[in-house]
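K.L.:
Below you'll find the structure I mean.
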Amino acid sequence: VFVQALEARAQLGPTNHTEQVHLNYPGLCANGEIDLLQDRPSQVLLGMGLLGIVVLLGVLMVRYPGLPETMAVHYSRTGVPDLLRNRSSLFVLPIIGAIAFGMNGIWGLWLACRGHRTAAYLLWSGAIIAELFSLLALFSLMR
């Protein structure tokens, strides 16, 4: 009886027609938000991040001519320099700040596009903190 009922059901055919569905994999912003960065915290945090990169490079460029050619980068426990580097190695610190801002900036934009603004704010703030620590390290090495 079961097999007869199954065959009768198969003769009826499909109950509704279905269409093929094409899935779109979105780019950066799936919904094409134009007003993505119109809120004040986004503008302030991204502006501070860009300003941080400019300050890092500006401080280094202003103080660079007056720095000695070789500088002590690390000191031993007794206060004796044990690692000397060329002054051009100080450019690593602004590069670190720029990389931190670039990576966190893009990742934050991606999250903001998907509606996770708080996570984007945290990423952008983290980049600013990384730039601040790079600036402190720069001042420490230039003294």
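In the structure tokens, chains take letters A, B, ... by order of appearance, with residues numbered from 1 within each chain and ligands from 1 in the order shown.
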Each residue of stretch 62-94 of chain A with at least one atom at most 12 Å from stretch 44-53 of chain A should appear once, together with its nearest atom pair and the corresponding distance in Å (one decimal); atoms considered: only C-alpha atoms; ordering: chain, then increasing residue number; output as a Markdown table.

P.N.:
| residue | atom | partner | partner_atom | distance |
| --- | --- | --- | --- | --- |
| A:Phe91 | CA | A:Ile53 | CA | 11.7 |
| A:Leu93 | CA | A:Ile53 | CA | 10.0 |
| A:Pro94 | CA | A:Ile53 | CA | 6.6 |

K.L.:
For N, CA and C atoms, I'd like the residues from the last selection saved as a PDB file, in the first residue's frame.

P.N.:
ATOM      1  N   PHE A  91      62.075  55.998  11.083  1.00  0.00           N
ATOM      2  CA  PHE A  91      60.932  56.047  10.171  1.00  0.00           C
ATOM      3  C   PHE A  91      60.051  54.800  10.286  1.00  0.00           C
ATOM      4  N   LEU A  93      58.617  53.837  12.979  1.00  0.00           N
ATOM      5  CA  LEU A  93      57.494  54.156  13.875  1.00  0.00           C
ATOM      6  C   LEU A  93      56.316  54.814  13.139  1.00  0.00           C
ATOM      7  N   PRO A  94      56.531  55.829  12.277  1.00  0.00           N
ATOM      8  CA  PRO A  94      55.379  56.335  11.507  1.00  0.00           C
ATOM      9  C   PRO A  94      54.804  55.293  10.553  1.00  0.00           C
TER      10      PRO A  94
END

K.L.:
Applying 10 Å and only C-alpha atoms, which residues near stretch 69-86 of chain A remain after dropping the ones on its own chain fewer than 4 positions away? List them as a list of chain:residue names.

P.N.:
A:Tyr64, A:Pro65, A:Leu90, A:Ser140, A:Leu141, A:Met142

K.L.:
Let me see the file: selected residues, N, CA, C and O atoms, as a CSV table (one decimal), in the first residue's frame.

P.N.:
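In the end it all went to out16.csv:
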chain,number,residue,atom,x,y,z
A,64,TYR,N,64.4,65.6,12.8
A,64,TYR,CA,65.4,64.7,12.1
A,64,TYR,C,66.8,65.3,11.8
A,64,TYR,O,67.8,64.7,12.1
A,65,PRO,N,66.8,66.6,11.3
A,65,PRO,CA,68.2,67.2,11.0
A,65,PRO,C,69.0,67.3,12.3
A,65,PRO,O,70.3,67.3,12.2
A,90,LEU,N,64.3,55.4,12.6
A,90,LEU,CA,63.1,56.0,13.3
A,90,LEU,C,61.9,56.1,12.4
A,90,LEU,O,60.8,56.2,12.9
A,140,SER,N,60.6,59.2,22.9
A,140,SER,CA,61.6,58.6,23.8
A,140,SER,C,62.9,58.3,23.2
A,140,SER,O,64.0,58.5,23.8
A,141,LEU,N,62.9,58.0,21.9
A,141,LEU,CA,64.1,57.7,21.2
A,141,LEU,C,64.8,59.0,20.7
A,141,LEU,O,66.1,59.0,20.5
A,142,MET,N,64.1,60.1,20.6
A,142,MET,CA,64.7,61.3,20.1
A,142,MET,C,65.3,62.2,21.2
A,142,MET,O,65.9,63.2,21.0

K.L.:
Using atom CA of A:Val55 and atom CA of A:Gly108 as the two end points, give the distance in Å to one decimal.

P.N.:
21.9 Å

K.L.:
Please indicate the distance in Å from atom CA of A:Gly97 to atom CA of A:Ser125, rounded to one decimal place.

P.N.:
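Spanning atom CA of A:Gly97 to atom CA of A:Ser125 is a straight-line distance of 12.3 Å.
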
K.L.:
Would you return as number ranges by chain the members of chain A that DSSP assigns to helix (DSSP H, G or I) on this structure's backbone?

P.N.:
A: 2-12, 40-66, 87-113, 117-142

K.L.:
What's the separation between atom CA of A:Trp124 and atom CA of A:Ser42, in Å to one decimal place?

P.N.:
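Atom CA of A:Ser42 lies 8.4 Å from atom CA of A:Trp124.
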
K.L.:
Quick one: pick out all strand (DSSP E or B) residues within chain A from a backbone DSSP run and write them as a PyMOL selection string.

P.N.:
chain A and resi 70-75+81-86

K.L.:
Put those residues in a file: all heavy atoms, as a tab-separated table (two decimals), in the first residue's frame.

P.N.:
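File produced: part16.tsv:
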chain	number	residue	atom	x	y	z
A	70	THR	N	74.10	58.14	14.52
A	70	THR	CA	73.80	56.86	15.18
A	70	THR	C	73.18	57.17	16.53
A	70	THR	O	73.60	58.07	17.24
A	70	THR	CB	75.06	56.00	15.36
A	70	THR	OG1	76.01	56.74	16.11
A	70	THR	CG2	75.63	55.60	14.03
A	71	MET	N	72.17	56.38	16.88
A	71	MET	CA	71.42	56.61	18.11
A	71	MET	C	71.33	55.32	18.92
A	71	MET	O	71.27	54.23	18.35
A	71	MET	CB	70.01	57.10	17.78
A	71	MET	CG	69.98	58.36	16.97
A	71	MET	SD	68.30	58.80	16.51
A	71	MET	CE	67.54	58.94	18.09
A	72	ALA	N	71.29	55.48	20.23
A	72	ALA	CA	71.06	54.33	21.12
A	72	ALA	C	69.57	54.00	21.11
A	72	ALA	O	68.74	54.85	21.39
A	72	ALA	CB	71.54	54.64	22.51
A	73	VAL	N	69.27	52.78	20.77
A	73	VAL	CA	67.87	52.35	20.69
A	73	VAL	C	67.47	51.52	21.90
A	73	VAL	O	66.32	51.51	22.31
A	73	VAL	CB	67.64	51.56	19.38
A	73	VAL	CG1	66.20	51.14	19.25
A	73	VAL	CG2	68.03	52.39	18.18
A	74	HIS	N	68.44	50.82	22.51
A	74	HIS	CA	68.14	49.97	23.65
A	74	HIS	C	69.26	50.10	24.66
A	74	HIS	O	70.43	50.23	24.30
A	74	HIS	CB	68.00	48.51	23.20
A	74	HIS	CG	67.49	47.61	24.27
A	74	HIS	ND1	68.34	46.91	25.10
A	74	HIS	CD2	66.23	47.31	24.66
A	74	HIS	CE1	67.61	46.21	25.94
A	74	HIS	NE2	66.33	46.44	25.70
A	75	TYR	N	68.89	50.06	25.93
A	75	TYR	CA	69.87	50.18	27.02
A	75	TYR	C	69.83	48.92	27.88
A	75	TYR	O	68.79	48.30	28.04
A	75	TYR	CB	69.55	51.40	27.90
A	75	TYR	CG	69.71	52.71	27.17
A	75	TYR	CD1	68.65	53.29	26.50
A	75	TYR	CD2	70.93	53.37	27.17
A	75	TYR	CE1	68.80	54.49	25.83
A	75	TYR	CE2	71.09	54.57	26.50
A	75	TYR	CZ	70.02	55.13	25.84
A	75	TYR	OH	70.18	56.31	25.17
A	81	PRO	N	74.19	51.82	26.68
A	81	PRO	CA	73.54	51.46	25.40
A	81	PRO	C	74.11	50.17	24.84
A	81	PRO	O	75.32	50.00	24.74
A	81	PRO	CB	73.87	52.63	24.48
A	81	PRO	CG	74.52	53.67	25.30
A	81	PRO	CD	74.90	53.09	26.60
A	82	ASP	N	73.23	49.24	24.51
A	82	ASP	CA	73.69	47.98	23.95
A	82	ASP	C	73.20	47.75	22.52
A	82	ASP	O	73.52	46.74	21.91
A	82	ASP	CB	73.33	46.80	24.84
A	82	ASP	CG	71.85	46.63	25.04
A	82	ASP	OD1	71.09	47.51	24.59
A	82	ASP	OD2	71.44	45.64	25.65
A	83	LEU	N	72.42	48.67	21.97
A	83	LEU	CA	71.96	48.56	20.59
A	83	LEU	C	71.98	49.94	19.95
A	83	LEU	O	71.25	50.83	20.38
A	83	LEU	CB	70.56	47.95	20.54
A	83	LEU	CG	69.97	47.70	19.16
A	83	LEU	CD1	70.84	46.72	18.37
A	83	LEU	CD2	68.57	47.16	19.27
A	84	LEU	N	72.79	50.11	18.95
A	84	LEU	CA	72.89	51.38	18.23
A	84	LEU	C	72.32	51.19	16.83
A	84	LEU	O	72.56	50.18	16.18
A	84	LEU	CB	74.35	51.84	18.15
A	84	LEU	CG	75.05	52.11	19.47
A	84	LEU	CD1	76.51	52.40	19.24
A	84	LEU	CD2	74.39	53.27	20.19
A	85	ARG	N	71.58	52.19	16.37
A	85	ARG	CA	70.99	52.16	15.02
A	85	ARG	C	71.20	53.50	14.34
A	85	ARG	O	71.44	54.52	15.00
A	85	ARG	CB	69.49	51.89	15.08
A	85	ARG	CG	69.09	50.55	15.59
A	85	ARG	CD	69.31	49.52	14.50
A	85	ARG	NE	69.25	48.18	15.05
A	85	ARG	CZ	68.29	47.33	14.81
A	85	ARG	NH1	67.30	47.66	14.05
A	85	ARG	NH2	68.33	46.14	15.34
A	86	ASN	N	71.05	53.50	13.04
A	86	ASN	CA	71.09	54.72	12.27
A	86	ASN	C	69.81	55.52	12.54
A	86	ASN	O	68.76	54.94	12.82
A	86	ASN	CB	71.20	54.37	10.78
A	86	ASN	CG	71.54	55.56	9.92
A	86	ASN	OD1	71.59	56.68	10.41
A	86	ASN	ND2	71.76	55.30	8.66

K.L.:
Counting only C-alpha atoms, which residue out of A:Leu136, A:Ile128, A:Ala98, A:Leu123 sits closest to A:Trp110?

P.N.:
A:Leu123

K.L.:
Pick from A:Gln20, A:Ser134, A:Gln4, A:Thr118: nearest to A:Ile95, with only C-alpha atoms counted?

P.N.:
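Closest candidate: A:Ser134.
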